[in-house]
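Below: entry_37.txt (compact mmCIF, C-alpha atoms)
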```
# COMPACT_ATOMS: atom_id res chain seq x y z
CA MET W 300 78.38 61.37 85.51
CA LEU W 301 77.01 63.68 88.15
CA PHE W 302 77.41 63.37 91.93
CA THR W 303 75.39 64.65 94.90
CA PRO W 304 76.58 64.54 98.53
CA LEU W 305 74.11 62.92 100.95
CA LEU W 306 74.27 62.71 104.74
CA LEU W 307 72.08 60.62 107.06
CA VAL W 308 71.85 62.62 110.30
CA CYS W 309 70.15 61.39 113.49
CA THR W 310 69.58 62.58 117.02
CA VAL W 311 71.90 60.89 119.51
CA ASP W 312 69.07 58.62 120.70
CA PHE W 313 68.07 57.81 117.08
CA SER W 314 64.52 58.98 117.73
CA ALA W 315 64.62 61.08 114.57
CA CYS W 316 66.72 60.88 111.40
CA LYS W 317 66.83 62.99 108.28
CA ALA W 318 68.69 63.01 104.97
CA HIS W 319 70.65 66.19 104.28
CA THR W 320 72.31 67.52 101.16
CA SER W 321 73.99 70.78 100.30
CA GLY W 322 71.99 70.80 97.09
CA GLY W 323 75.20 70.75 95.09
CA ILE W 324 75.59 68.64 91.98
CA TYR W 325 79.17 67.98 90.90
CA GLY W 326 80.83 66.73 87.75
CA THR W 327 83.46 64.72 89.62
CA GLU W 328 83.41 62.50 92.68
CA GLN W 329 86.38 64.46 94.09
CA GLU W 330 84.37 67.72 94.07
CA CYS W 331 81.50 65.91 95.75
CA MET W 332 83.80 64.49 98.44
CA VAL W 333 85.01 68.00 99.34
CA ASP W 334 81.40 69.15 99.82
CA LEU W 335 80.62 65.96 101.75
CA ALA W 336 83.49 66.58 104.18
CA GLN W 337 82.27 70.15 104.73
CA GLY W 338 78.79 68.82 105.42
CA ILE W 339 80.07 66.34 107.99
CA GLU W 340 82.11 69.08 109.66
CA SER W 341 79.06 71.36 109.86
CA PHE W 342 77.39 68.90 112.27
CA ALA W 343 80.48 68.52 114.52
CA ASP W 344 79.29 70.60 117.49
CA THR W 345 75.59 69.84 117.37
CA ASN W 346 73.24 67.47 119.19
CA VAL W 347 73.00 65.16 116.16
CA ILE W 348 75.35 62.60 114.65
CA VAL W 349 76.18 61.78 111.06
CA VAL W 350 75.29 58.10 110.75
CA ASP W 351 76.37 57.70 107.13
CA ALA W 352 77.60 59.84 104.28
CA GLN W 353 78.10 59.19 100.59
CA CYS W 354 78.38 60.76 97.19
CA THR W 355 75.55 59.43 95.09
CA ARG W 356 76.40 58.89 91.43
CA TRP W 357 73.62 59.71 89.03
CA ALA W 358 73.50 57.84 85.75
CA LYS W 359 71.69 59.09 82.69
CA THR W 360 68.64 57.02 81.92
CA GLU W 361 66.91 56.66 78.61
CA SER W 362 63.49 58.29 78.45
CA ALA W 363 60.57 56.17 77.38
```
Would you mind writing the structure in this file as structure tokens?
Amino acid sequence: MLFTPLLLVCTVDFSACKAHTSGGIYGTEQECMVDLAQGIESFADTNVIVVDAQCTRWAKTESA
């Protein structure tokens, strides 16, 4: 399995939101969670809020 950290970040009035990622792809959820925590921390003293955060698990799909 592979994991990617994703953050949903919005302005304080929710007039604009955007998905953010570090671009990292990790082999374990634990590695992803470390990156996710760093991402949340990076928005601490800004004019936006982190609305949600998660490590997305990617599953291998069969090609047609």
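One distance worth recording is that between atom CA of W:Glu340 and atom CA of W:Met300, which is 25.6 Å.
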*Determine, counting all atoms listed in the file, which protein, DNA and RNA residues have an atom within 10 Å of an atom of stretch 321-328 of chain W; residues of the same chain fewer than 3 positions away are not included. Present the result as a PyMOL selection string.*
chain W and resi 300-306+331-335+337-338+354-357
*Residue with smallest distance to W:Asp312 - pool W:Ala352, W:Ala358, W:Val347, W:Ile339, counting all atoms listed in the file*: W:Val347
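Using all atoms listed in the file for every distance, the candidate list W:Val308, W:Val350, W:Thr360, W:Ala343 yields W:Val308 as the residue closest to W:Thr320.
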Kindly compute an axis-aligned box around the listed atoms of stretch 349-355 of chain W, allowing 3 Å on each side, and express its centre and edge lengths in Å to one decimal as lines of an AutoDock Vina configuration file.
```
center_x = 76.8
center_y = 59.7
center_z = 103.1
size_x = 9.1
size_y = 10.1
size_z = 22.0
```
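Going from atom CA of W:Val311 to atom CA of W:Asp351 covers 13.5 Å.
Of note, atom CA of W:Ser341 and atom CA of W:Ser314 are spaced 20.7 Å apart.
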Rebuild stretch 331-356 of chain W to N, CA and C atoms - output it as a CSV table (one decimal), keeping the file's coordinate frame, please.
```csv
chain,number,residue,atom,x,y,z
W,331,CYS,N,82.6,66.3,94.9
W,331,CYS,CA,81.5,65.9,95.8
W,331,CYS,C,82.1,65.6,97.1
W,332,MET,N,83.2,64.9,97.2
W,332,MET,CA,83.8,64.5,98.4
W,332,MET,C,84.2,65.7,99.3
W,333,VAL,N,84.7,66.8,98.6
W,333,VAL,CA,85.0,68.0,99.3
W,333,VAL,C,83.8,68.6,100.0
W,334,ASP,N,82.7,68.6,99.3
W,334,ASP,CA,81.4,69.2,99.8
W,334,ASP,C,80.9,68.2,100.9
W,335,LEU,N,81.0,66.9,100.8
W,335,LEU,CA,80.6,66.0,101.8
W,335,LEU,C,81.4,66.2,103.1
W,336,ALA,N,82.7,66.4,103.0
W,336,ALA,CA,83.5,66.6,104.2
W,336,ALA,C,83.1,67.9,104.9
W,337,GLN,N,82.7,68.9,104.1
W,337,GLN,CA,82.3,70.2,104.7
W,337,GLN,C,80.9,69.9,105.4
W,338,GLY,N,80.1,69.1,104.8
W,338,GLY,CA,78.8,68.8,105.4
W,338,GLY,C,78.9,68.1,106.7
W,339,ILE,N,79.8,67.1,106.8
W,339,ILE,CA,80.1,66.3,108.0
W,339,ILE,C,80.6,67.3,109.1
W,340,GLU,N,81.5,68.1,108.7
W,340,GLU,CA,82.1,69.1,109.7
W,340,GLU,C,81.1,70.0,110.2
W,341,SER,N,80.1,70.4,109.4
W,341,SER,CA,79.1,71.4,109.9
W,341,SER,C,78.2,70.8,111.0
W,342,PHE,N,78.2,69.5,111.2
W,342,PHE,CA,77.4,68.9,112.3
W,342,PHE,C,78.3,68.5,113.5
W,343,ALA,N,79.5,68.9,113.5
W,343,ALA,CA,80.5,68.5,114.5
W,343,ALA,C,80.1,68.9,115.9
W,344,ASP,N,79.6,70.1,116.1
W,344,ASP,CA,79.3,70.6,117.5
W,344,ASP,C,77.8,70.8,117.7
W,345,THR,N,77.1,69.8,117.3
W,345,THR,CA,75.6,69.8,117.4
W,345,THR,C,75.1,68.7,118.2
W,346,ASN,N,73.8,68.6,118.4
W,346,ASN,CA,73.2,67.5,119.2
W,346,ASN,C,72.8,66.3,118.3
W,347,VAL,N,73.3,66.3,117.1
W,347,VAL,CA,73.0,65.2,116.2
W,347,VAL,C,74.3,64.5,115.7
W,348,ILE,N,74.2,63.3,115.2
W,348,ILE,CA,75.4,62.6,114.6
W,348,ILE,C,75.1,62.2,113.2
W,349,VAL,N,76.2,62.2,112.5
W,349,VAL,CA,76.2,61.8,111.1
W,349,VAL,C,76.3,60.3,111.1
W,350,VAL,N,75.3,59.6,110.7
W,350,VAL,CA,75.3,58.1,110.8
W,350,VAL,C,76.0,57.5,109.5
W,351,ASP,N,75.8,58.2,108.4
W,351,ASP,CA,76.4,57.7,107.1
W,351,ASP,C,76.5,58.9,106.2
W,352,ALA,N,77.4,58.8,105.3
W,352,ALA,CA,77.6,59.8,104.3
W,352,ALA,C,78.1,59.2,103.0
W,353,GLN,N,77.7,59.7,101.9
W,353,GLN,CA,78.1,59.2,100.6
W,353,GLN,C,77.9,60.2,99.5
W,354,CYS,N,78.6,60.0,98.4
W,354,CYS,CA,78.4,60.8,97.2
W,354,CYS,C,77.6,59.8,96.3
W,355,THR,N,76.4,60.2,96.0
W,355,THR,CA,75.6,59.4,95.1
W,355,THR,C,75.9,59.8,93.6
W,356,ARG,N,76.1,58.7,92.9
W,356,ARG,CA,76.4,58.9,91.4
W,356,ARG,C,75.1,58.7,90.7
```
